[in-house]
Amino acid sequence: MLFSLRCGLLLLVSLLLAVVGQAQQVPTSSSTHNLMPVAAQATWGAARLPLRATFTYRITAETQPDSTVAAAARRVQTRLLRQLGTARPTAKTAASKTAPTLSIRYGKPGRMEKGDEERYALRVTPMGIALTAPTSLGALRGLATLEQLVTKEKNALYFPEVDIQDQPRFGWRGLLIDAARHFMPVSVIKRNLDAMAAVKLNVLHWHLSDDQGFRVESQRLPRLAQVGGEGQFYTQAQVREVQRYAAARGIRVVPEFDMPGHATAWLAAYPELASNDSTYGVATRWGVLNIAMDPTRETTYALIDTLLGEMTQLFSDPYFHIGGDENDGRQWLRNPRIVQFMKDQKLVKSNGQPDKHALQTYFNRRILTMLTKYNKKMIGWDEILGPGLPESAVIQSWRGKKGLYDAVKTNHPAILSNGYYIDLNYSAASHYAVDPLPANAPLTEAQKKLVLGGEATMWAEFADSVVVDSRIWPRTAAIAERFWSPATVTDVPDMYRRLAIVSTQLERLGIRHRRVPEQLLRELAAGQNVAPLRTFASVLEPVKEYKRHFQGMKYTTQTLLNRLVDTAPAESDAAREFGVAVDALLAQVGATSASPLPAEALPALAAVRAPLIQWQANDVKLQPLFNTSASLREYGPLSARLSALSALALERLQLLEQGKAPTTAWKASAQQQLEAAKAPAGQAELAVLPALQRLLNGLP
């Protein structure tokens with residue numbers, strides 16, 4: 001799914017969430033502590049349990065033991081002891097007389113594919129920790145919470161006293177990773193599964209085929225991977241390995257093989273699938289190519305059935321995603337034979353004209369019959385929804401809430417992705433404000449139960465295996481909280497406070513969202529001082545949505561993602577923190593008085609002034625790099641604008657301190673410079689610009 005229709009539709013995402021304060025108060029930092037997602041219920045005490053090198057655990061299963069719990073407990077113990085500088089984890093046997101630090105008790109092995117409970121209870125006292133759950137899945141979620149409870153004070157680590165009763169709001173909490181456009185090696189998938197488990201996501205939506213690649217070995221149709229995958233694909237052994245790894249973390253793996261559109265890689269391998277007489281190579285360019293399979297030939301269905309018969313055995317989850325998005329049907333309408341088929345099958349509109357959507361519904365029904373034969377449930381993007389589609393098909397809505405509501409109103413289970421497109425470089429706050437099931441949803445209680453949950457989506461036009469972590473994390477942790485925590489958890493400043501803590505935890509798990517950008521910056525600095533470049537990159541963001549396609553550089557699958565824009569954060573913490581400081585200053589100063597600044601406002605002014613001084617001086621420090629590096633030189637205009645605007649803002653602060661108002665000419669010049677600074681360079685933009693605009697326009 002690419003940038004044409006997505007761009008406009010995804011702008012309609014609601015950025016405001018109604019806060020319902022009835023039965024439960026909105027949690028504050030004193031009640032959320034460092035947890036993300038926030039627990040459904042938590043009662044905090046004043047006591048502590050120190051984390052010591054003697055940390056041990058004991059596991060009791062009331063029925064059949066599940067090895068995933070023991071493995072997870074061992075991983076958590078190892079990471080906890082590593083924080084202490086100790087690396088000798090041991091477990092207590094059931095017969096041991098010494099009380100363990102952590103006691104884990106669960107009822108039965110849990111299976112995500114069966115919808116088993118993820119509920120758990122966690123009690124921390126100075127005497128020890130008790131984790132209980134009806135299933136092993138609940139035990140896994142409780143262990144993730146336990147690891148987040150660890151608090152550092154000076155040189156000591158401890159668990160705060162707490163009584164937690166927790167369960168998820170939604171059963172489907174997913175992350176889509178696109179391995180088709182840029183191949184993501186198994187190591188990338190595994191470390192992101194670790195991160196998903198840490199924030200209680202439980203579905204890996206693995207996008208495995210698209211115009212640019214078919215990424216799974218097929219033994220029955222080997223050309224799909226050999227030709228369509230161009231040498232970069234997962235062997236069937238690797239697919240099984242990933243599924244085992246995910247299952248051990250309580251995560252299901254749902255594969256997606258996109259059809260009938262986004263299928264150029266299929267057609268490159270098997271030209272007989274095409275809707276015309278053209279032959280295709282695997283696509284190297286981005287965009288909606290409007291190339292589709294021929295849905296009228298029985299040979300098409302025979303080949304798909306051959307593949308599905310193999311892939312449904314390889315992938316164990318009951319759900320199977322067929323894509324179905326962004327097929328405009330133009331190839332079908334241009335082929336007289338296909339048009340005649342549509343007329344013969346009465347796949348026409350009320351005016352008798354061929355109906356491409358009806359033809360795709362015909363295709364979807366044929367595929368659904370196959371998947372049903374193989375005991376799978378079909379999922380597709382919201383384009384597959386149409387009259388005659390059996391209710392068992394699950395709809396994943398990417399184009400808006402309407403698609404979600406239309407699906408459940410026609411008795412289809414549904415998943416929301418609209419508002420959670422993390423590849424668009426929107427802020428964590430904007431994603432956090434979107435709710436799969438807001439209080440004002442125009443649905444009956446029965447229809448609400450059909451909303452399974454949601455998925456964050458990481459499309460990979462501008463994310464390869466090197467930079468993908470920094471495009472997923474840490475923002476996806478905020479989305480994970482929206483899927484797990486009560487709807488009343490909406491405090492954005494507290495979310496960002498906790499997100500910073502979780503970001504560090506993710507780094508300990510091996511996620512490279514911080515390490516790789518720093519490494520790329522050092523490579524760009526080429527032995528020169530990297531600090532000025534780091535300062536500059538920290539206040540940049542890639543342009544939003546899919547505008548990189550239209551700003552002077554033609555990207556292909558072979559384009560290296562190693563420029564400054566690729567090191568810039570999807571959301572700049574430095575810009576956000578500066579914005580908070582600006583808003584605090586504006587709140588203290590007010591908008592009407594030009595008298596000298598009161599003493600109590602001086603700390604707020606200092607918080608704004610400090611980064612401005614750094615940014616003003618940074619451009620001069622960057623000049624040696626701009627002069628010697630062609631790849632960095634294109635960002636020179638942004639650096640110059642940042643320096644000039646910072647100088648302007650410093651002048652404005654000085655006038656404020658002196659109790660003077662700027663002249664009309666000064667204001668006009670400032671506005672002119674602000675407008676000029678909106679122009680991106682190198683597909684990046686100044687993330688601090690909105691805050692600078694508020695500062696320059698908001699002061700009296």
# chains A, B, ... in the order shown; residues from 1 in each chain; ligands from 1
>>> closest_atom_pairs(of="stretch 78-139 of chain A", to="stretch 150-166 of chain A", cutoff="8 Å", atoms="only C-alpha atoms", output="CSV")
residue,atom,partner,partner_atom,distance
A:Leu84,CA,A:Leu157,CA,7.9
A:Arg119,CA,A:Asp166,CA,5.8
A:Tyr120,CA,A:Asp166,CA,5.6
A:Ala121,CA,A:Gln165,CA,4.7
A:Leu122,CA,A:Ile164,CA,5.0
A:Arg123,CA,A:Asp163,CA,4.5
A:Val124,CA,A:Glu161,CA,5.0
A:Thr125,CA,A:Glu161,CA,5.1
A:Pro126,CA,A:Glu161,CA,7.1
>>> select_by_dssp(residues="stretch 425-470 of chain A", states="helix (DSSP H, G or I)", output="PDB file with N, CA and C atoms, in the first residue's frame")
ATOM      1  N   ALA A 428       4.342  10.686  18.225  1.00  0.00           N
ATOM      2  CA  ALA A 428       3.719   9.682  19.094  1.00  0.00           C
ATOM      3  C   ALA A 428       2.387  10.190  19.617  1.00  0.00           C
ATOM      4  N   ALA A 429       2.312  11.488  19.903  1.00  0.00           N
ATOM      5  CA  ALA A 429       1.069  12.060  20.433  1.00  0.00           C
ATOM      6  C   ALA A 429      -0.071  11.937  19.435  1.00  0.00           C
ATOM      7  N   SER A 430       0.210  12.116  18.153  1.00  0.00           N
ATOM      8  CA  SER A 430      -0.858  12.036  17.153  1.00  0.00           C
ATOM      9  C   SER A 430      -1.391  10.612  17.056  1.00  0.00           C
ATOM     10  N   HIS A 431      -0.513   9.624  17.129  1.00  0.00           N
ATOM     11  CA  HIS A 431      -0.965   8.230  17.125  1.00  0.00           C
ATOM     12  C   HIS A 431      -1.704   7.898  18.422  1.00  0.00           C
ATOM     13  N   TYR A 432      -1.209   8.439  19.507  1.00  0.00           N
ATOM     14  CA  TYR A 432      -1.773   8.171  20.839  1.00  0.00           C
ATOM     15  C   TYR A 432      -3.209   8.674  20.941  1.00  0.00           C
ATOM     16  N   GLU A 445     -23.524  -2.364  20.938  1.00  0.00           N
ATOM     17  CA  GLU A 445     -22.618  -3.146  21.780  1.00  0.00           C
ATOM     18  C   GLU A 445     -22.141  -4.390  21.044  1.00  0.00           C
ATOM     19  N   ALA A 446     -23.030  -5.021  20.290  1.00  0.00           N
ATOM     20  CA  ALA A 446     -22.641  -6.215  19.532  1.00  0.00           C
ATOM     21  C   ALA A 446     -21.610  -5.867  18.465  1.00  0.00           C
ATOM     22  N   GLN A 447     -21.784  -4.718  17.813  1.00  0.00           N
ATOM     23  CA  GLN A 447     -20.831  -4.297  16.788  1.00  0.00           C
ATOM     24  C   GLN A 447     -19.479  -3.938  17.392  1.00  0.00           C
ATOM     25  N   LYS A 448     -19.488  -3.332  18.561  1.00  0.00           N
ATOM     26  CA  LYS A 448     -18.227  -2.973  19.223  1.00  0.00           C
ATOM     27  C   LYS A 448     -17.384  -4.206  19.518  1.00  0.00           C
ATOM     28  N   VAL A 468      15.411   0.669  10.149  1.00  0.00           N
ATOM     29  CA  VAL A 468      14.007   0.390  10.448  1.00  0.00           C
ATOM     30  C   VAL A 468      13.683   0.513  11.934  1.00  0.00           C
ATOM     31  N   ASP A 469      14.610   0.125  12.816  1.00  0.00           N
ATOM     32  CA  ASP A 469      14.327   0.223  14.254  1.00  0.00           C
ATOM     33  C   ASP A 469      14.001   1.653  14.658  1.00  0.00           C
ATOM     34  N   SER A 470      14.723   2.609  14.093  1.00  0.00           N
ATOM     35  CA  SER A 470      14.524   4.012  14.481  1.00  0.00           C
ATOM     36  C   SER A 470      13.229   4.576  13.916  1.00  0.00           C
TER      37      SER A 470
END
>>> residues_around(residues="stretch 513-520 of chain A", least_positions_apart="6", cutoff="8 Å", atoms="only C-alpha atoms", output="list in words")
Val466, Val467, Val468, Asp469, Ser470, Arg471, Trp473, Pro474, Glu507, Arg534, Asn562, Asp566, Thr567 and Ala568 of chain A
>>> select_by_dssp(residues="stretch 383-490 of chain A", states="strand (DSSP E or B)", output="PyMOL selection string")
chain A and resi 394-397+414-416+421+451-458
>>> atom_distance(atom1="atom CA of A:Ala61", atom2="atom CA of A:Ala130")
13.6 Å
>>> closest_residue(among="A:Val539, A:Val339, A:Leu692, A:Ala584", to="A:Gly352", atoms="only C-alpha atoms")
A:Val339
>>> closest_residue(among="A:Pro624, A:Gly128, A:Gly110, A:Gly659", to="A:Gly527", atoms="only C-alpha atoms")
A:Pro624
>>> residues_around(residues="stretch 677-687 of chain A", least_positions_apart="4", cutoff="6 Å", atoms="only C-alpha atoms", output="list in words")
Val539, Leu540, Glu541, Pro542, Val543, Arg548, Val565, Ala575, Glu634, Tyr635 and Arg641 of chain A
>>> write_last_selection(atoms="all heavy atoms", output="compact mmCIF listing (two decimals), in the first residue's frame")
# COMPACT_ATOMS: atom_id res chain seq x y z
N VAL A 539 17.27 18.21 15.53
CA VAL A 539 16.12 19.10 15.37
C VAL A 539 15.54 19.02 13.96
O VAL A 539 14.73 19.85 13.56
CB VAL A 539 16.48 20.56 15.72
CG1 VAL A 539 16.81 20.68 17.20
CG2 VAL A 539 17.62 21.07 14.85
N LEU A 540 15.97 18.00 13.22
CA LEU A 540 15.39 17.72 11.91
C LEU A 540 14.41 16.56 12.02
O LEU A 540 14.49 15.73 12.93
CB LEU A 540 16.47 17.35 10.89
CG LEU A 540 17.54 18.38 10.55
CD1 LEU A 540 18.52 17.79 9.54
CD2 LEU A 540 16.91 19.65 10.00
N GLU A 541 13.50 16.50 11.08
CA GLU A 541 12.65 15.33 10.89
C GLU A 541 12.49 15.10 9.40
O GLU A 541 12.51 16.06 8.61
CB GLU A 541 11.26 15.54 11.51
CG GLU A 541 11.25 15.56 13.03
CD GLU A 541 9.87 15.86 13.60
OE1 GLU A 541 8.93 16.10 12.81
OE2 GLU A 541 9.74 15.87 14.85
N PRO A 542 12.35 13.83 8.99
CA PRO A 542 12.01 13.60 7.58
C PRO A 542 10.66 14.25 7.27
O PRO A 542 9.80 14.35 8.15
CB PRO A 542 11.91 12.07 7.48
CG PRO A 542 12.63 11.55 8.69
CD PRO A 542 12.46 12.58 9.76
N VAL A 543 10.49 14.69 6.04
CA VAL A 543 9.20 15.27 5.67
C VAL A 543 8.09 14.25 5.92
O VAL A 543 8.31 13.05 5.87
CB VAL A 543 9.18 15.73 4.20
CG1 VAL A 543 10.09 16.93 4.01
CG2 VAL A 543 9.56 14.58 3.26
N ARG A 548 8.74 12.52 0.37
CA ARG A 548 10.11 12.27 -0.09
C ARG A 548 10.13 11.86 -1.56
O ARG A 548 11.14 12.02 -2.24
CB ARG A 548 10.79 11.21 0.76
CG ARG A 548 11.24 11.72 2.11
CD ARG A 548 11.93 10.65 2.94
NE ARG A 548 13.27 10.32 2.46
CZ ARG A 548 14.14 9.59 3.14
NH1 ARG A 548 13.81 9.10 4.33
NH2 ARG A 548 15.33 9.33 2.65
N VAL A 565 18.90 12.82 6.27
CA VAL A 565 17.48 12.65 6.53
C VAL A 565 17.20 11.29 7.17
O VAL A 565 16.24 11.12 7.93
CB VAL A 565 16.66 12.83 5.24
CG1 VAL A 565 17.01 11.77 4.20
CG2 VAL A 565 15.18 12.81 5.54
N ALA A 575 13.08 19.03 19.57
CA ALA A 575 12.08 20.00 19.14
C ALA A 575 10.87 19.97 20.06
O ALA A 575 10.31 21.02 20.41
CB ALA A 575 11.66 19.70 17.70
N GLU A 634 23.64 19.72 0.79
CA GLU A 634 22.25 20.06 0.46
C GLU A 634 21.45 20.50 1.68
O GLU A 634 20.38 21.11 1.54
CB GLU A 634 21.56 18.87 -0.20
CG GLU A 634 21.45 17.63 0.70
CD GLU A 634 20.75 16.47 0.00
OE1 GLU A 634 19.79 16.72 -0.77
OE2 GLU A 634 21.15 15.32 0.23
N TYR A 635 21.97 20.20 2.88
CA TYR A 635 21.26 20.59 4.10
C TYR A 635 21.72 21.94 4.64
O TYR A 635 21.21 22.42 5.66
CB TYR A 635 21.45 19.52 5.18
CG TYR A 635 20.89 18.18 4.76
CD1 TYR A 635 21.71 17.21 4.19
CD2 TYR A 635 19.53 17.90 4.89
CE1 TYR A 635 21.19 15.99 3.78
CE2 TYR A 635 19.01 16.69 4.47
CZ TYR A 635 19.84 15.74 3.92
OH TYR A 635 19.32 14.54 3.49
N ARG A 641 19.07 28.63 8.11
CA ARG A 641 17.78 29.13 8.59
C ARG A 641 17.62 28.92 10.08
O ARG A 641 17.08 29.77 10.79
CB ARG A 641 16.65 28.43 7.83
CG ARG A 641 16.56 28.83 6.37
CD ARG A 641 15.62 27.91 5.61
NE ARG A 641 15.74 28.10 4.17
CZ ARG A 641 15.49 27.15 3.28
NH1 ARG A 641 15.10 25.95 3.69
NH2 ARG A 641 15.61 27.41 2.00
>>> residues_around(residues="A:Ala500", least_positions_apart="6", cutoff="10 Å", atoms="only C-alpha atoms", output="list in words")
Asn34, Pro474, Arg475, Leu506 and Asp573 of chain A
>>> residues_around(residues="A:Val186", least_positions_apart="3", cutoff="9 Å", atoms="only C-alpha atoms", output="PyMOL selection string")
chain A and resi 189-191+234+238-239+241-242
>>> closest_residue(among="A:Leu585, A:Leu533, A:Val38, A:Ala570", to="A:Gln167", atoms="only C-alpha atoms")
A:Val38
>>> closest_atom_pairs(of="stretch 415-519 of chain A", to="stretch 39-51 of chain A", cutoff="9 Å", atoms="only C-alpha atoms", output="CSV")
residue,atom,partner,partner_atom,distance
A:Trp484,CA,A:Ala39,CA,8.2
A:Ser485,CA,A:Ala40,CA,6.0
A:Pro486,CA,A:Ala40,CA,6.1
